[in-house]
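Visitor: Handing you a structure now.
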Amino acid sequence: MNLYRRLLAMVKPYWFKLAGAMICMVFVSVMTAGQAFLVKPALDGVFLKKEQVPQWIKNIIIQLHLDSLLLKKDMEMLLLLPIAIILLFLFKGIFEYGQAYLMNYVGLRIVADIREKLYNHLQTLSLSFFTKTPTGILISRITNDVNLIQGSVSNALTGLVKDAFTVIGLIGVVIYRDWKLALIALFIFSLVIIPIKEFGKRLRKFSRKSQQRMGSITTFLHETIAGNRIVKAFNMEDYEKRRFAEENNRFFKIVFKRVKIRALSHPLMELLGGIAVAIIIWVGGYRVIQGELTPGAFFSFMTALFMLYAPIRDLNKVNLEVQEGMAAAIRVFELLDTTPEIKEEEGAIPLPPVSKGVDFQDITFRYGEETVLKDISLHVNVGEVIALVGMSGAGKTSLVNLLPRFYDVEKGQILIDGHDIRKVKFKSLREQIALVTQQTILFNDTIRNNIAYGNIHGCSDQEIIEAAKAAHAHDFIMKLPEGYDTLIGEQGVKLSGGERQRLSIARALLKNAPILILDEATSSLDSDSETEVQKALDQLMKGRTVFVIAHRLSTIRNAHRIIVLSDGQVVEQGTHTELIALNGEYRRLHDLQFKDDGLRLWKAAKVKKIY
């Protein structure tokens, strides 16, 4: 019921259209009941002798001054009935169109609102959530699950209200015609509730399982399509085909169980309907023979009964659709109810422009149960270039991820100009931090919009060009067919690694933030590309407070200070010369890398000599 309430709460903005749709539904139901009601006057007034018309009906006709219907044989009734039927169907069609238009508008609008709300909520969630949740699962929630809700909201809500009104109208007709027969029919039809409830319960269970499996398939597709180059390079096409076939087969089995439930529900409803009709025909026929009912009244009753079966059967279909939608709604609301781990504090203030520096005070940080950083204290002055080095897993990236509050510290605090970053607004904090990473994130958009990302409507073309020139990207951009308006494809697939990296540097330059984080910005580039990118980075670092993470120690020799991390702790710090003289961890890393670089150069020279 909580799910229903939450979905219905979303209807409030559209109550006027919903009210109009319900009015139309009432009239559709009245017209449907009217079709059954006309059967009796048609039979008793036209096709049967007037002597068979009960006296009370004759009295009503006389009171309404329609005596001519009794005096002019059956011609007047014969003329009036077709006109009444045509008008009945005309108005029914008009109201059906009205209710379909209005209800589908409301249903589709609600679903669009849910999809938008879901996406907006995703943007508020912390980075840790996206680390733990596969991308395919999230895509499946926003697309597949929301589409199922669409069926339960628009189609099911329309059918539920319309069929409910129709059932009420037709029940009124059958009770009016013969209340004894009506009681028998309603008792039999009430038994339908049992299978409807059971089918709905089982369908929701399998529907939820199928949605989970679809999320797994979406994740699988996202990984293998994005990583297609690796799949081909390692000749793993057959392996991936088998994996997909297994996932697909699991999905098929679950969906087929849903199909079996739907397939079984229809014949069972037909059987119950057939039993009800058989009993009513026997009882009603006996009463007609006994003279307790006119043939017109009995056939009017039977017509209403036959017409009553359709909406009851449709209510079963609607219930099945609602159950599938509710299973999807559970998953959607689970996501909507996920709270961000990193929240902006109430009363947070804007962070003033950075003028003094950054302080890490006794920082301790965990990923789950693992302590990644332990009691780190560090002061960084404005304009200082700080290099972070250490073996993989030492905590370098974790430390810089705390600065823009991608994660929060477990103990200690980070101060910028004396302001605890947990007490300042997200927007003002992140506006003052630019980020260039090893994994270049670009969007399937124009080069212009990728460089201007974060300030698309607030910068001029000239500013974009100047940023590109400073990043040594302008020349290659101008060689492209459409220059700055060139679409670069998903993740910038149409560009080389060095070109993509220079675009990300141009983006950071245009942001013009006082704090810069460079996380392995050149580690994946070849020598020529690295040279170009390093020139761009040198331009980017001027006048900024910079945190550099680099495995290649040759790129950070000129840093003002080098911080050496090991097992989540600061073990050494100083300039390159000072750390070499210490003959500690940094010297070990330096010698190890120098040895590897020397071996690599020797091998390259030997290969060159051979060829």
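Chain lettering (A, B, ...) mirrors the order of the structure tokens, residue numbering begins at 1 for each chain separately, and ligand numbering begins at 1 in order of display.
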Find the spatial neighbours of A:Phe406, counting only C-alpha atoms, within a cut-off of 6 Å - ignore same-chain residues fewer than 3 positions away - and output them as a count of residues only.

Guide: 3

Visitor: From stretch 255-488 of chain A, collect each residue whose DSSP state is alpha helix (DSSP H) and return the set as a PyMOL selection string.

Guide: chain A and resi 255-289+295-336+396-401+426-430+447-451+461-470+474-479

Visitor: Write out as number ranges by chain each polymer residue whose atoms come within 12 Å of A:Thr143, counting only C-alpha atoms; drop sequence neighbours fewer than 4 positions from it.

Guide: A: 111-112, 114-116, 118-119, 136-139, 147-150, 211, 214-215, 218, 328, 332

Visitor: For A:Thr446, which residue out of A:Leu516, A:Ile194, A:Val409, A:Ile488 is the nearest one, using only C-alpha atoms?

Guide: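 Residue with the minimum atom-to-atom distance to A:Thr446: A:Ile488.
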
Visitor: Would you please work out which residue, of A:Arg448, A:Lys343, A:Lys479, A:His121, is nearest to A:Ile421 when using only C-alpha atoms?

Guide: A:Lys343

Visitor: Which distance in Å separates atom CA of A:Leu320 and atom CA of A:Val255, to one decimal?

Guide: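 Atom CA of A:Val255 lies 13.7 Å from atom CA of A:Leu320.
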
Visitor: Hey, what does DSSP flag as strand (DSSP E or B) within stretch 418-535 of chain A? Can you give it to me as a ChimeraX atom specification?

Guide: /A:419-420,424,433-437,446,487,515-519

Visitor: Residues of stretch 411-455 of chain A that approach stretch 529-552 of chain A to 10 Å or less, counting only C-alpha atoms: could you list each one with the shortest pair of atoms and its distance in Å to one decimal, rows by chain and increasing residue number, as a Markdown table?

Guide:
| residue | atom | partner | partner_atom | distance |
| --- | --- | --- | --- | --- |
| A:Ile433 | CA | A:Thr545 | CA | 9.5 |
| A:Ala434 | CA | A:Val546 | CA | 9.5 |
| A:Leu435 | CA | A:Phe547 | CA | 9.7 |
| A:Val436 | CA | A:Leu537 | CA | 9.5 |
| A:Thr437 | CA | A:Ile549 | CA | 9.3 |
| A:Gln438 | CA | A:Ala550 | CA | 9.8 |

Visitor: Can you write just those residues out, C-alpha atoms, as a PDB file, in the first residue's frame?

Guide:
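Below you can see part32.pdb, which holds the result:
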ATOM      1  CA  ILE A 433      39.335  22.415  -7.793  1.00  0.00           C
ATOM      2  CA  ALA A 434      40.242  21.197 -11.301  1.00  0.00           C
ATOM      3  CA  LEU A 435      40.959  17.546 -12.012  1.00  0.00           C
ATOM      4  CA  VAL A 436      42.964  15.788 -14.757  1.00  0.00           C
ATOM      5  CA  THR A 437      43.132  12.006 -14.455  1.00  0.00           C
ATOM      6  CA  GLN A 438      44.793   9.108 -16.223  1.00  0.00           C
TER       7      GLN A 438
END

Visitor: Could you list, as a PyMOL selection string, every residue within 7 Å of stretch 425-432 of chain A, counting only C-alpha atoms and ignoring same-chain residues fewer than 5 positions away?

Guide: chain A and resi 344+348-351+404+513-515

Visitor: Generate the output file for the selected residues, N, CA, C and O atoms, as a PDB file, in the first residue's frame.

Guide:
ATOM      1  N   GLU A 344      25.733  17.733   2.179  1.00  0.00           N
ATOM      2  CA  GLU A 344      26.065  19.115   2.504  1.00  0.00           C
ATOM      3  C   GLU A 344      25.401  19.468   3.832  1.00  0.00           C
ATOM      4  O   GLU A 344      24.198  19.286   4.001  1.00  0.00           O
ATOM      5  N   ALA A 348      25.724  25.313   5.673  1.00  0.00           N
ATOM      6  CA  ALA A 348      27.044  25.380   5.036  1.00  0.00           C
ATOM      7  C   ALA A 348      27.233  26.747   4.380  1.00  0.00           C
ATOM      8  O   ALA A 348      26.292  27.333   3.844  1.00  0.00           O
ATOM      9  N   ILE A 349      28.459  27.237   4.408  1.00  0.00           N
ATOM     10  CA  ILE A 349      28.752  28.570   3.861  1.00  0.00           C
ATOM     11  C   ILE A 349      29.531  28.432   2.556  1.00  0.00           C
ATOM     12  O   ILE A 349      30.206  27.428   2.327  1.00  0.00           O
ATOM     13  N   PRO A 350      29.492  29.452   1.687  1.00  0.00           N
ATOM     14  CA  PRO A 350      30.312  29.424   0.471  1.00  0.00           C
ATOM     15  C   PRO A 350      31.790  29.541   0.846  1.00  0.00           C
ATOM     16  O   PRO A 350      32.153  30.281   1.768  1.00  0.00           O
ATOM     17  N   LEU A 351      32.643  28.794   0.146  1.00  0.00           N
ATOM     18  CA  LEU A 351      34.078  28.860   0.398  1.00  0.00           C
ATOM     19  C   LEU A 351      34.672  30.063  -0.336  1.00  0.00           C
ATOM     20  O   LEU A 351      34.561  30.159  -1.562  1.00  0.00           O
ATOM     21  N   PRO A 404      38.028  17.176  -2.865  1.00  0.00           N
ATOM     22  CA  PRO A 404      36.740  17.675  -3.381  1.00  0.00           C
ATOM     23  C   PRO A 404      35.526  16.992  -2.718  1.00  0.00           C
ATOM     24  O   PRO A 404      34.413  17.109  -3.204  1.00  0.00           O
ATOM     25  N   ALA A 513      40.669  26.973 -11.996  1.00  0.00           N
ATOM     26  CA  ALA A 513      40.521  26.767 -10.550  1.00  0.00           C
ATOM     27  C   ALA A 513      41.875  26.943  -9.868  1.00  0.00           C
ATOM     28  O   ALA A 513      42.920  26.588 -10.432  1.00  0.00           O
ATOM     29  N   PRO A 514      41.893  27.464  -8.641  1.00  0.00           N
ATOM     30  CA  PRO A 514      43.174  27.695  -7.939  1.00  0.00           C
ATOM     31  C   PRO A 514      43.854  26.415  -7.460  1.00  0.00           C
ATOM     32  O   PRO A 514      45.050  26.407  -7.204  1.00  0.00           O
ATOM     33  N   ILE A 515      43.104  25.324  -7.301  1.00  0.00           N
ATOM     34  CA  ILE A 515      43.679  24.045  -6.862  1.00  0.00           C
ATOM     35  C   ILE A 515      43.574  23.053  -8.016  1.00  0.00           C
ATOM     36  O   ILE A 515      42.510  22.913  -8.628  1.00  0.00           O
TER      37      ILE A 515
END

Visitor: Taking 3 positions as the minimum chain separation for residues in the same chain, which residues sit within 8 Å of A:Pro311 when counting only C-alpha atoms? Answer as number ranges by chain.

Guide: A: 163-164, 166-167, 307-308, 314-315

Visitor: Give the answer as one residue: which of A:Gly584, A:Ala470, A:Leu403, A:Tyr176 has the shortest atom-to-atom distance to A:Ile517, using only C-alpha atoms?

Guide: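 Result for the nearest residue to A:Ile517: A:Leu403.
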
Visitor: Within 10 Å of A:Glu198, counting only C-alpha atoms, which residues qualify if same-chain residues fewer than 4 places away don't, as a list of chain:residue names?

Guide: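 That gives A:Ile193, A:Ile194, A:Arg202, A:Leu203, A:Ile261, A:Ser265.
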
Visitor: Could you list, as a VMD selection string, every residue within 8 Å of A:Glu345, counting only C-alpha atoms and ignoring same-chain residues fewer than 5 positions away?

Guide: chain A and resid 422 to 425

Visitor: Atoms to include: N, CA and C atoms. Write the selected residues as a PDB file, in the first residue's frame.

Guide:
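Saved the output as result-v1.pdb:
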ATOM      1  N   ARG A 422      33.900  20.219   5.221  1.00  0.00           N
ATOM      2  CA  ARG A 422      32.580  19.629   5.491  1.00  0.00           C
ATOM      3  C   ARG A 422      31.549  20.681   5.860  1.00  0.00           C
ATOM      4  N   LYS A 423      32.022  21.910   6.094  1.00  0.00           N
ATOM      5  CA  LYS A 423      31.098  22.971   6.499  1.00  0.00           C
ATOM      6  C   LYS A 423      30.922  24.039   5.415  1.00  0.00           C
ATOM      7  N   VAL A 424      31.397  23.739   4.199  1.00  0.00           N
ATOM      8  CA  VAL A 424      31.222  24.680   3.082  1.00  0.00           C
ATOM      9  C   VAL A 424      30.362  24.021   2.013  1.00  0.00           C
ATOM     10  N   LYS A 425      29.795  24.829   1.168  1.00  0.00           N
ATOM     11  CA  LYS A 425      28.908  24.328   0.114  1.00  0.00           C
ATOM     12  C   LYS A 425      29.702  23.549  -0.934  1.00  0.00           C
TER      13      LYS A 425
END
